[in-house]
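A.B. asks: Structure: upload22.pdb, PDB, C-alpha atoms, pLDDT in the B column.
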ATOM      1  CA  MET X   1     -39.957 -12.835   2.408  1.00 51.00           C
ATOM      2  CA  ASN X   2     -42.574 -10.314   3.436  1.00 49.00           C
ATOM      3  CA  GLU X   3     -44.786 -12.350   5.735  1.00 49.00           C
ATOM      4  CA  ASP X   4     -47.536 -10.333   7.318  1.00 52.00           C
ATOM      5  CA  ILE X   5     -49.594 -10.437  10.467  1.00 46.00           C
ATOM      6  CA  PRO X   6     -52.995  -8.837   9.953  1.00 44.00           C
ATOM      7  CA  ASN X   7     -54.054  -5.581  11.548  1.00 45.00           C
ATOM      8  CA  LEU X   8     -53.610  -5.883  15.292  1.00 44.00           C
ATOM      9  CA  SER X   9     -56.485  -3.545  16.128  1.00 42.00           C
ATOM     10  CA  PRO X  10     -58.403  -3.345  18.324  1.00 40.00           C
ATOM     11  CA  PHE X  11     -56.244  -2.737  21.349  1.00 40.00           C
ATOM     12  CA  SER X  12     -57.651  -1.479  24.612  1.00 41.00           C
ATOM     13  CA  ASN X  13     -57.752   2.012  23.135  1.00 44.00           C
ATOM     14  CA  ALA X  14     -58.762   1.221  19.567  1.00 47.00           C
ATOM     15  CA  GLN X  15     -59.387   4.843  18.587  1.00 41.00           C
ATOM     16  CA  ARG X  16     -55.683   5.600  19.032  1.00 42.00           C
ATOM     17  CA  VAL X  17     -54.468   2.641  17.007  1.00 42.00           C
ATOM     18  CA  GLN X  18     -55.396   2.800  13.372  1.00 47.00           C
ATOM     19  CA  THR X  19     -53.093   0.066  12.139  1.00 79.00           C
ATOM     20  CA  LEU X  20     -50.112  -1.662  13.684  1.00 88.00           C
ATOM     21  CA  ARG X  21     -48.635  -4.417  11.551  1.00 92.00           C
ATOM     22  CA  ILE X  22     -45.779  -6.799  12.128  1.00 94.00           C
ATOM     23  CA  VAL X  23     -44.070  -8.151   9.026  1.00 95.00           C
ATOM     24  CA  HIS X  24     -41.190 -10.513   8.406  1.00 96.00           C
ATOM     25  CA  GLY X  25     -38.964  -8.928   5.795  1.00 95.00           C
ATOM     26  CA  GLU X  26     -36.456  -6.216   4.984  1.00 94.00           C
ATOM     27  CA  LEU X  27     -37.058  -2.649   6.159  1.00 93.00           C
ATOM     28  CA  LEU X  28     -35.812  -1.016   2.968  1.00 94.00           C
ATOM     29  CA  GLU X  29     -38.189  -3.139   0.880  1.00 95.00           C
ATOM     30  CA  GLN X  30     -41.225  -1.463   2.491  1.00 96.00           C
ATOM     31  CA  THR X  31     -41.368   1.082  -0.327  1.00 96.00           C
ATOM     32  CA  ASP X  32     -45.069   1.863   0.096  1.00 97.00           C
ATOM     33  CA  LEU X  33     -44.372   3.678   3.381  1.00 98.00           C
ATOM     34  CA  GLN X  34     -43.846   7.428   3.692  1.00 98.00           C
ATOM     35  CA  ALA X  35     -41.051   7.238   6.273  1.00 98.00           C
ATOM     36  CA  LEU X  36     -38.631   4.819   7.862  1.00 97.00           C
ATOM     37  CA  VAL X  37     -37.282   4.929  11.376  1.00 96.00           C
ATOM     38  CA  SER X  38     -33.662   4.025  11.899  1.00 94.00           C
ATOM     39  CA  PHE X  39     -31.624   3.925  15.060  1.00 91.00           C
ATOM     40  CA  LEU X  40     -28.255   5.658  15.315  1.00 92.00           C
ATOM     41  CA  SER X  41     -25.787   5.440  18.144  1.00 89.00           C
ATOM     42  CA  GLU X  42     -24.748   8.534  20.052  1.00 91.00           C
ATOM     43  CA  ASP X  43     -21.570   8.865  17.972  1.00 92.00           C
ATOM     44  CA  LEU X  44     -23.690   8.928  14.762  1.00 93.00           C
ATOM     45  CA  SER X  45     -21.830   5.965  13.300  1.00 90.00           C
ATOM     46  CA  TRP X  46     -23.550   3.989  10.561  1.00 89.00           C
ATOM     47  CA  GLY X  47     -23.090   0.597  12.202  1.00 83.00           C
ATOM     48  CA  GLY X  48     -25.670  -2.100  11.799  1.00 82.00           C
ATOM     49  CA  PRO X  49     -27.011  -3.623   8.600  1.00 84.00           C
ATOM     50  CA  VAL X  50     -30.050  -1.329   8.222  1.00 86.00           C
ATOM     51  CA  ASN X  51     -27.964   1.814   8.538  1.00 89.00           C
ATOM     52  CA  GLN X  52     -25.317   0.466   6.180  1.00 91.00           C
ATOM     53  CA  LEU X  53     -27.996  -0.219   3.559  1.00 91.00           C
ATOM     54  CA  LEU X  54     -29.570   3.211   4.094  1.00 92.00           C
ATOM     55  CA  LEU X  55     -26.249   4.957   3.658  1.00 94.00           C
ATOM     56  CA  LYS X  56     -25.333   2.922   0.596  1.00 94.00           C
ATOM     57  CA  ALA X  57     -28.713   3.555  -1.051  1.00 94.00           C
ATOM     58  CA  ALA X  58     -28.967   7.262  -0.175  1.00 94.00           C
ATOM     59  CA  GLY X  59     -25.335   8.142  -0.742  1.00 93.00           C
ATOM     60  CA  PRO X  60     -22.928  10.521   0.975  1.00 95.00           C
ATOM     61  CA  ARG X  61     -25.445  13.393   1.138  1.00 96.00           C
ATOM     62  CA  LEU X  62     -27.280  11.496   3.877  1.00 96.00           C
ATOM     63  CA  ASP X  63     -24.123  11.231   5.962  1.00 95.00           C
ATOM     64  CA  GLU X  64     -23.366  14.918   5.388  1.00 96.00           C
ATOM     65  CA  TYR X  65     -26.908  15.831   6.412  1.00 97.00           C
ATOM     66  CA  VAL X  66     -26.802  13.768   9.596  1.00 96.00           C
ATOM     67  CA  LEU X  67     -23.401  15.115  10.633  1.00 95.00           C
ATOM     68  CA  GLY X  68     -24.450  18.677   9.826  1.00 96.00           C
ATOM     69  CA  HIS X  69     -27.896  18.641  11.437  1.00 96.00           C
ATOM     70  CA  ILE X  70     -27.736  16.310  14.420  1.00 95.00           C
ATOM     71  CA  ILE X  71     -25.658  18.230  16.923  1.00 95.00           C
ATOM     72  CA  LYS X  72     -24.650  16.765  20.299  1.00 95.00           C
ATOM     73  CA  PRO X  73     -27.044  13.819  20.078  1.00 95.00           C
ATOM     74  CA  LYS X  74     -28.264  12.153  23.229  1.00 95.00           C
ATOM     75  CA  PRO X  75     -30.070   8.835  23.613  1.00 93.00           C
ATOM     76  CA  GLY X  76     -33.789   9.395  23.195  1.00 92.00           C
ATOM     77  CA  ASP X  77     -33.388  12.239  20.667  1.00 95.00           C
ATOM     78  CA  VAL X  78     -35.317  11.982  17.400  1.00 96.00           C
ATOM     79  CA  HIS X  79     -34.513  13.768  14.124  1.00 97.00           C
ATOM     80  CA  LEU X  80     -36.268  14.055  10.767  1.00 97.00           C
ATOM     81  CA  ALA X  81     -34.226  13.906   7.557  1.00 97.00           C
ATOM     82  CA  PRO X  82     -35.015  13.907   3.846  1.00 97.00           C
ATOM     83  CA  ALA X  83     -34.789  10.513   2.160  1.00 95.00           C
ATOM     84  CA  PHE X  84     -32.177  11.555  -0.437  1.00 95.00           C
ATOM     85  CA  GLY X  85     -33.534   9.570  -3.367  1.00 93.00           C
ATOM     86  CA  LEU X  86     -34.868   6.620  -1.409  1.00 95.00           C
ATOM     87  CA  PRO X  87     -38.486   5.671  -2.202  1.00 95.00           C
ATOM     88  CA  PHE X  88     -39.697   7.285   1.043  1.00 96.00           C
ATOM     89  CA  LYS X  89     -40.376  10.929   1.817  1.00 97.00           C
ATOM     90  CA  TYR X  90     -38.472  10.980   5.083  1.00 98.00           C
ATOM     91  CA  LEU X  91     -36.123   9.176   7.400  1.00 97.00           C
ATOM     92  CA  ILE X  92     -36.583   9.459  11.139  1.00 97.00           C
ATOM     93  CA  PHE X  93     -33.419   8.889  13.133  1.00 96.00           C
ATOM     94  CA  CYS X  94     -33.617   7.927  16.787  1.00 94.00           C
ATOM     95  CA  ILE X  95     -30.529   8.107  18.965  1.00 93.00           C
ATOM     96  CA  ILE X  96     -30.720   4.753  20.649  1.00 88.00           C
ATOM     97  CA  PRO X  97     -29.564   4.016  24.168  1.00 85.00           C
ATOM     98  CA  LYS X  98     -27.112   1.195  24.700  1.00 80.00           C
ATOM     99  CA  TRP X  99     -28.414  -1.627  26.871  1.00 80.00           C
ATOM    100  CA  LYS X 100     -26.371  -1.975  30.041  1.00 78.00           C
ATOM    101  CA  ASP X 101     -28.195  -3.963  32.672  1.00 77.00           C
ATOM    102  CA  GLY X 102     -31.743  -2.655  32.604  1.00 69.00           C
ATOM    103  CA  LEU X 103     -31.259  -0.866  35.903  1.00 72.00           C
ATOM    104  CA  GLY X 104     -30.555   2.510  34.342  1.00 75.00           C
ATOM    105  CA  ASN X 105     -32.841   4.518  32.107  1.00 88.00           C
ATOM    106  CA  GLU X 106     -32.368   2.485  28.919  1.00 88.00           C
ATOM    107  CA  GLU X 107     -36.017   1.430  28.774  1.00 89.00           C
ATOM    108  CA  LYS X 108     -37.269   4.969  29.333  1.00 92.00           C
ATOM    109  CA  LEU X 109     -34.996   6.283  26.580  1.00 92.00           C
ATOM    110  CA  LEU X 110     -36.022   3.569  24.125  1.00 90.00           C
ATOM    111  CA  ARG X 111     -39.705   4.247  24.821  1.00 92.00           C
ATOM    112  CA  SER X 112     -38.976   7.925  24.222  1.00 93.00           C
ATOM    113  CA  CYS X 113     -37.427   7.089  20.838  1.00 93.00           C
ATOM    114  CA  TYR X 114     -40.531   5.250  19.674  1.00 93.00           C
ATOM    115  CA  ARG X 115     -42.973   7.774  21.097  1.00 94.00           C
ATOM    116  CA  HIS X 116     -41.178  10.831  19.722  1.00 95.00           C
ATOM    117  CA  ALA X 117     -40.630   9.219  16.314  1.00 96.00           C
ATOM    118  CA  ILE X 118     -44.379   8.728  15.903  1.00 95.00           C
ATOM    119  CA  GLU X 119     -45.169  12.188  17.261  1.00 95.00           C
ATOM    120  CA  LEU X 120     -42.653  13.714  14.820  1.00 96.00           C
ATOM    121  CA  ALA X 121     -44.216  11.776  11.947  1.00 97.00           C
ATOM    122  CA  ALA X 122     -47.684  13.040  12.873  1.00 95.00           C
ATOM    123  CA  GLN X 123     -46.443  16.645  13.124  1.00 96.00           C
ATOM    124  CA  HIS X 124     -45.105  16.428   9.564  1.00 97.00           C
ATOM    125  CA  GLY X 125     -48.160  14.776   8.023  1.00 96.00           C
ATOM    126  CA  ILE X 126     -46.490  11.398   7.647  1.00 97.00           C
ATOM    127  CA  GLY X 127     -49.222   8.760   7.634  1.00 95.00           C
ATOM    128  CA  SER X 128     -47.238   5.539   7.337  1.00 97.00           C
ATOM    129  CA  VAL X 129     -44.038   4.635   9.151  1.00 97.00           C
ATOM    130  CA  GLY X 130     -41.759   1.596   9.054  1.00 97.00           C
ATOM    131  CA  VAL X 131     -39.901   0.706  12.234  1.00 95.00           C
ATOM    132  CA  PRO X 132     -37.147  -1.906  12.482  1.00 92.00           C
ATOM    133  CA  ALA X 133     -37.628  -4.568  15.118  1.00 87.00           C
ATOM    134  CA  LEU X 134     -35.073  -4.118  17.827  1.00 76.00           C
ATOM    135  CA  GLY X 135     -33.704  -6.808  20.048  1.00 59.00           C
ATOM    136  CA  SER X 136     -30.225  -7.701  19.042  1.00 55.00           C
ATOM    137  CA  GLY X 137     -27.360  -6.139  17.235  1.00 58.00           C
ATOM    138  CA  ARG X 138     -25.536  -3.033  18.366  1.00 62.00           C
ATOM    139  CA  SER X 139     -28.020  -1.908  21.007  1.00 66.00           C
ATOM    140  CA  ASP X 140     -27.801  -5.210  22.919  1.00 77.00           C
ATOM    141  CA  PHE X 141     -31.423  -4.910  24.099  1.00 81.00           C
ATOM    142  CA  PRO X 142     -32.867  -8.321  24.980  1.00 85.00           C
ATOM    143  CA  LEU X 143     -35.308  -9.312  22.240  1.00 89.00           C
ATOM    144  CA  ARG X 144     -38.421  -9.900  24.383  1.00 91.00           C
ATOM    145  CA  ARG X 145     -37.920  -6.708  26.343  1.00 89.00           C
ATOM    146  CA  ALA X 146     -37.296  -4.689  23.180  1.00 89.00           C
ATOM    147  CA  ALA X 147     -40.436  -6.129  21.576  1.00 92.00           C
ATOM    148  CA  ARG X 148     -42.577  -5.328  24.611  1.00 92.00           C
ATOM    149  CA  LEU X 149     -41.224  -1.778  24.804  1.00 91.00           C
ATOM    150  CA  ALA X 150     -41.729  -1.187  21.082  1.00 92.00           C
ATOM    151  CA  ILE X 151     -45.288  -2.426  20.966  1.00 93.00           C
ATOM    152  CA  THR X 152     -46.489  -0.654  24.105  1.00 91.00           C
ATOM    153  CA  SER X 153     -44.723   2.600  23.183  1.00 91.00           C
ATOM    154  CA  LEU X 154     -46.052   2.626  19.635  1.00 92.00           C
ATOM    155  CA  LYS X 155     -49.596   1.866  20.775  1.00 88.00           C
ATOM    156  CA  GLU X 156     -49.431   4.722  23.271  1.00 87.00           C
ATOM    157  CA  ALA X 157     -47.983   7.212  20.787  1.00 86.00           C
ATOM    158  CA  VAL X 158     -50.142   6.679  17.739  1.00 85.00           C
ATOM    159  CA  GLY X 159     -52.962   9.082  17.019  1.00 83.00           C
ATOM    160  CA  PRO X 160     -55.488   9.460  14.223  1.00 86.00           C
ATOM    161  CA  GLU X 161     -52.906  11.124  11.946  1.00 88.00           C
ATOM    162  CA  ILE X 162     -50.987   7.863  11.577  1.00 92.00           C
ATOM    163  CA  GLU X 163     -52.601   5.338   9.257  1.00 93.00           C
ATOM    164  CA  GLU X 164     -50.020   2.600   9.639  1.00 95.00           C
ATOM    165  CA  ILE X 165     -47.039   1.682  11.753  1.00 95.00           C
ATOM    166  CA  ARG X 166     -45.251  -1.339  10.368  1.00 96.00           C
ATOM    167  CA  ILE X 167     -42.745  -3.140  12.578  1.00 95.00           C
ATOM    168  CA  VAL X 168     -40.366  -4.945  10.233  1.00 95.00           C
ATOM    169  CA  CYS X 169     -38.641  -8.030  11.612  1.00 94.00           C
ATOM    170  CA  LYS X 170     -35.648  -9.270   9.684  1.00 90.00           C
ATOM    171  CA  SER X 171     -35.284 -12.578  11.515  1.00 91.00           C
ATOM    172  CA  ARG X 172     -37.904 -15.252  12.045  1.00 94.00           C
ATOM    173  CA  GLU X 173     -37.064 -15.274  15.761  1.00 93.00           C
ATOM    174  CA  SER X 174     -37.776 -11.564  15.989  1.00 92.00           C
ATOM    175  CA  PHE X 175     -41.022 -11.909  14.022  1.00 94.00           C
ATOM    176  CA  ASP X 176     -42.222 -14.752  16.246  1.00 95.00           C
ATOM    177  CA  THR X 177     -41.291 -12.857  19.413  1.00 94.00           C
ATOM    178  CA  TYR X 178     -43.038  -9.643  18.387  1.00 93.00           C
ATOM    179  CA  ARG X 179     -46.082 -11.672  17.337  1.00 91.00           C
ATOM    180  CA  GLU X 180     -46.096 -13.482  20.675  1.00 92.00           C
ATOM    181  CA  ILE X 181     -45.905 -10.186  22.585  1.00 89.00           C
ATOM    182  CA  VAL X 182     -49.073  -8.925  20.902  1.00 82.00           C
ATOM    183  CA  GLY X 183     -50.798 -12.242  21.570  1.00 75.00           C
ATOM    184  CA  MET X 184     -51.092 -13.520  18.024  1.00 56.00           C
TER
END
Any chance you could put this one into structure tokens?
C.D. replies:
Amino acid sequence: MNEDIPNLSPFSNAQRVQTLRIVHGELLEQTDLQALVSFLSEDLSWGGPVNQLLLKAAGPRLDEYVLGHIIKPKPGDVHLAPAFGLPFKYLIFCIIPKWKDGLGNEEKLLRSCYRHAIELAAQHGIGSVGVPALGSGRSDFPLRRAARLAITSLKEAVGPEIEEIRIVCKSRESFDTYREIVGM
């Protein structure tokens, strides 16, 4: 179930976007990537299907690492972790804001998550990153808004160090929405 949309370049600033792909599939099946982004809540709980699968696959050392290295997390924070036996080099954890009503700073914090995740990847020589599509689940972000924020933030953050950012959409609705946002 790994349906792909071709390279979305060029954007208005094509030099900054090497490759942004949107795929329909499972995040943990993107084993050709160097790092995966995952979103954690402020209490560092492993809720959500992606996090549950990550924890199950990586084992208790991942939980111990997160609890021992992410101290006093705040929405918008980003942290790099080893992959603990997963087929990736790294995991990038973003502390995700909870959607309230859109009148607070939820959008700013979510944009910060995406931007800082890509900047952190570039700083550590990570050339390919998988990002889960957001727009439902525990964060409660509306799908269209989450898609717009993800795509614009990732386009703004990417530099020449990043060869590929792959947005992985688990549901067909999410895939279609993200594709629509980029004008495909």
A.B. asks: Please determine the residues with any atom at most 10 Å from (-43.8, 2.2, 20.1) (coordinates as given in the file, with all atoms listed in the file counting) and report them as a list in words.
C.D. replies: Leu20, Leu110, Arg111, Ser112, Cys113, Tyr114, Arg115, His116, Ala117, Ile118, Val131, Ala146, Ala147, Arg148, Leu149, Ala150, Ile151, Thr152, Ser153, Leu154, Lys155, Glu156, Ala157, Val158, Ile165 and Ile167 of chain X
A.B. asks: Could you save those same residues with C-alpha atoms as a compact mmCIF listing (two decimals), keeping the file's coordinate frame?
C.D. replies:
# COMPACT_ATOMS: atom_id res chain seq x y z
CA LEU X 20 -50.11 -1.66 13.68
CA LEU X 110 -36.02 3.57 24.12
CA ARG X 111 -39.70 4.25 24.82
CA SER X 112 -38.98 7.92 24.22
CA CYS X 113 -37.43 7.09 20.84
CA TYR X 114 -40.53 5.25 19.67
CA ARG X 115 -42.97 7.77 21.10
CA HIS X 116 -41.18 10.83 19.72
CA ALA X 117 -40.63 9.22 16.31
CA ILE X 118 -44.38 8.73 15.90
CA VAL X 131 -39.90 0.71 12.23
CA ALA X 146 -37.30 -4.69 23.18
CA ALA X 147 -40.44 -6.13 21.58
CA ARG X 148 -42.58 -5.33 24.61
CA LEU X 149 -41.22 -1.78 24.80
CA ALA X 150 -41.73 -1.19 21.08
CA ILE X 151 -45.29 -2.43 20.97
CA THR X 152 -46.49 -0.65 24.10
CA SER X 153 -44.72 2.60 23.18
CA LEU X 154 -46.05 2.63 19.64
CA LYS X 155 -49.60 1.87 20.78
CA GLU X 156 -49.43 4.72 23.27
CA ALA X 157 -47.98 7.21 20.79
CA VAL X 158 -50.14 6.68 17.74
CA ILE X 165 -47.04 1.68 11.75
CA ILE X 167 -42.74 -3.14 12.58
A.B. asks: Name all residues at most 12 Å from range 58-60 of chain X (count all atoms listed in the file; drop same-chain ones fewer than 3 positions away) and give them as an mmCIF file with C-alpha atoms, in the frame of the given file.
C.D. replies:
data_model
loop_
_atom_site.group_PDB
_atom_site.id
_atom_site.type_symbol
_atom_site.label_atom_id
_atom_site.label_comp_id
_atom_site.auth_asym_id
_atom_site.auth_seq_id
_atom_site.Cartn_x
_atom_site.Cartn_y
_atom_site.Cartn_z
ATOM 1 C CA LEU X 28 -35.812 -1.016 2.968
ATOM 2 C CA TRP X 46 -23.550 3.989 10.561
ATOM 3 C CA ASN X 51 -27.964 1.814 8.538
ATOM 4 C CA GLN X 52 -25.317 0.466 6.180
ATOM 5 C CA LEU X 53 -27.996 -0.219 3.559
ATOM 6 C CA LEU X 54 -29.570 3.211 4.094
ATOM 7 C CA LEU X 55 -26.249 4.957 3.658
ATOM 8 C CA ASP X 63 -24.123 11.231 5.962
ATOM 9 C CA GLU X 64 -23.366 14.918 5.388
ATOM 10 C CA TYR X 65 -26.908 15.831 6.412
ATOM 11 C CA VAL X 66 -26.802 13.768 9.596
ATOM 12 C CA LEU X 67 -23.401 15.115 10.633
ATOM 13 C CA ALA X 81 -34.226 13.906 7.557
ATOM 14 C CA PRO X 82 -35.015 13.907 3.846
ATOM 15 C CA ALA X 83 -34.789 10.513 2.160
ATOM 16 C CA PHE X 84 -32.177 11.555 -0.437
ATOM 17 C CA GLY X 85 -33.534 9.570 -3.367
ATOM 18 C CA LEU X 86 -34.868 6.620 -1.409
ATOM 19 C CA PRO X 87 -38.486 5.671 -2.202
ATOM 20 C CA PHE X 88 -39.697 7.285 1.043
ATOM 21 C CA TYR X 90 -38.472 10.980 5.083
ATOM 22 C CA LEU X 91 -36.123 9.176 7.400
#
A.B. asks: Which is closest to Gly125 in chain X among X:Asp140, X:Glu161, X:Asp176, X:Glu26, if we use only C-alpha atoms?
C.D. replies: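 Going through X:Asp140, X:Glu161, X:Asp176, X:Glu26 one by one, the smallest distance to Gly125 in chain X is for X:Glu161.
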A.B. asks: Expressed in Å to a single decimal, how great is the separation between CA of Ala121 in chain X and CA of Glu173 in chain X?
C.D. replies: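 CA of Ala121 in chain X sits 28.2 Å away from CA of Glu173 in chain X.
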A.B. asks: May I have the protein, DNA and RNA residues with an atom at most 7 Å from (-45.2, 3.3, 11.0), counting all atoms listed in the file in the file's coordinates, returned as number ranges by chain?
C.D. replies: X: 128-131, 164-166
A.B. asks: Exactly which residues make up the result of the PyMOL selection byres ((chain X and resi 29) around 10) on this file, given as an MDAnalysis selection string?
C.D. replies: chainID X and resid 1:2 25:28 30:33 87 168
A.B. asks: Evaluated on this file, the PyMOL selection byres ((chain X and resi 37) around 7) picks out some residues - which ones are they, written as a list of chain:residue names?
C.D. replies: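 That selection, the PyMOL selection byres ((chain X and resi 37) around 7), comes back as X:Ala35, X:Leu36, X:Ser38, X:Phe39, X:Leu91, X:Ile92, X:Phe93, X:Gly130, X:Val131, X:Pro132.
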A.B. asks: Selected by the PyMOL selection byres ((chain X and resi 96) around 6) in the shown coordinates: which residues, as a PDB file with C-alpha atoms, keeping the file's coordinate frame?
C.D. replies:
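Now in out03.pdb:
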ATOM      1  CA  PHE X  39     -31.624   3.925  15.060  1.00 91.00           C
ATOM      2  CA  LEU X  40     -28.255   5.658  15.315  1.00 92.00           C
ATOM      3  CA  SER X  41     -25.787   5.440  18.144  1.00 89.00           C
ATOM      4  CA  PRO X  75     -30.070   8.835  23.613  1.00 93.00           C
ATOM      5  CA  CYS X  94     -33.617   7.927  16.787  1.00 94.00           C
ATOM      6  CA  ILE X  95     -30.529   8.107  18.965  1.00 93.00           C
ATOM      7  CA  PRO X  97     -29.564   4.016  24.168  1.00 85.00           C
TER       8      PRO X  97
END
A.B. asks: Restricting the calculation to only C-alpha atoms: of X:Gly104, X:Ile126, X:Ala133, X:Glu42, which residue gets closest to Leu80 in chain X?
C.D. replies: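 Once distances to Leu80 in chain X are computed over only C-alpha atoms, the minimum belongs to X:Ile126.
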A.B. asks: Around range 143-150 of chain X, fit a box with edges along x, y and z, padding it by 3 Å on each side, then list its centre and edge lengths in Å to one decimal as AutoDock Vina command-line options.
C.D. replies:
--center_x -38.9 --center_y -5.5 --center_z 23.7 --size_x 13.3 --size_y 14.7 --size_z 11.3
A.B. asks: For range 28-89 of chain X, write C-alpha atoms out as a compact mmCIF listing (two decimals), in the first residue's frame.
C.D. replies:
# COMPACT_ATOMS: atom_id res chain seq x y z
CA LEU X 28 7.57 2.21 9.75
CA GLU X 29 7.68 0.50 6.35
CA GLN X 30 9.78 3.35 4.90
CA THR X 31 12.98 1.46 5.71
CA ASP X 32 15.09 3.20 3.07
CA LEU X 33 15.02 6.45 5.08
CA GLN X 34 17.72 7.52 7.53
CA ALA X 35 15.36 8.96 10.14
CA LEU X 36 11.72 9.05 11.13
CA VAL X 37 9.89 11.87 12.82
CA SER X 38 7.35 10.99 15.47
CA PHE X 39 5.18 13.22 17.58
CA LEU X 40 5.00 12.84 21.35
CA SER X 41 2.66 14.60 23.71
CA GLU X 42 4.00 16.80 26.47
CA ASP X 43 3.64 13.99 29.02
CA LEU X 44 5.84 11.73 26.82
CA SER X 45 3.16 9.06 26.62
CA TRP X 46 3.34 6.59 23.75
CA GLY X 47 -0.24 7.09 22.59
CA GLY X 48 -1.14 6.84 18.96
CA PRO X 49 -0.58 3.95 16.58
CA VAL X 50 2.78 5.14 15.17
CA ASN X 51 4.29 5.57 18.62
CA GLN X 52 2.91 2.24 19.80
CA LEU X 53 4.53 0.51 16.82
CA LEU X 54 7.81 2.36 17.37
CA LEU X 55 7.92 1.36 21.01
CA LYS X 56 7.02 -2.25 20.28
CA ALA X 57 9.65 -2.54 17.54
CA ALA X 58 12.45 -0.72 19.39
CA GLY X 59 11.77 -2.15 22.82
CA PRO X 60 11.99 -0.73 26.33
CA ARG X 61 15.38 0.94 25.74
CA LEU X 62 13.62 3.54 23.60
CA ASP X 63 11.22 4.39 26.41
CA GLU X 64 14.10 4.56 28.89
CA TYR X 65 16.02 6.84 26.54
CA VAL X 66 13.10 9.20 26.00
CA LEU X 67 12.30 9.43 29.71
CA GLY X 68 15.97 9.92 30.58
CA HIS X 69 16.86 12.46 27.90
CA ILE X 70 13.77 14.55 27.24
CA ILE X 71 13.47 16.68 30.34
CA LYS X 72 10.55 19.08 30.90
CA PRO X 73 9.30 18.88 27.32
CA LYS X 74 7.30 21.73 25.87
CA PRO X 75 5.26 21.80 22.67
CA GLY X 76 7.52 22.73 19.78
CA ASP X 77 10.61 21.01 21.25
CA VAL X 78 12.49 18.56 19.03
CA HIS X 79 14.82 15.76 20.17
CA LEU X 80 17.09 13.31 18.37
CA ALA X 81 17.27 9.69 19.55
CA PRO X 82 19.02 6.54 18.36
CA ALA X 83 16.79 4.07 16.53
CA PHE X 84 17.46 1.14 18.90
CA GLY X 85 17.55 -1.62 16.31
CA LEU X 86 15.01 -0.16 13.92
CA PRO X 87 16.14 0.00 10.27
CA PHE X 88 16.77 3.76 10.56
CA LYS X 89 19.74 5.61 12.01
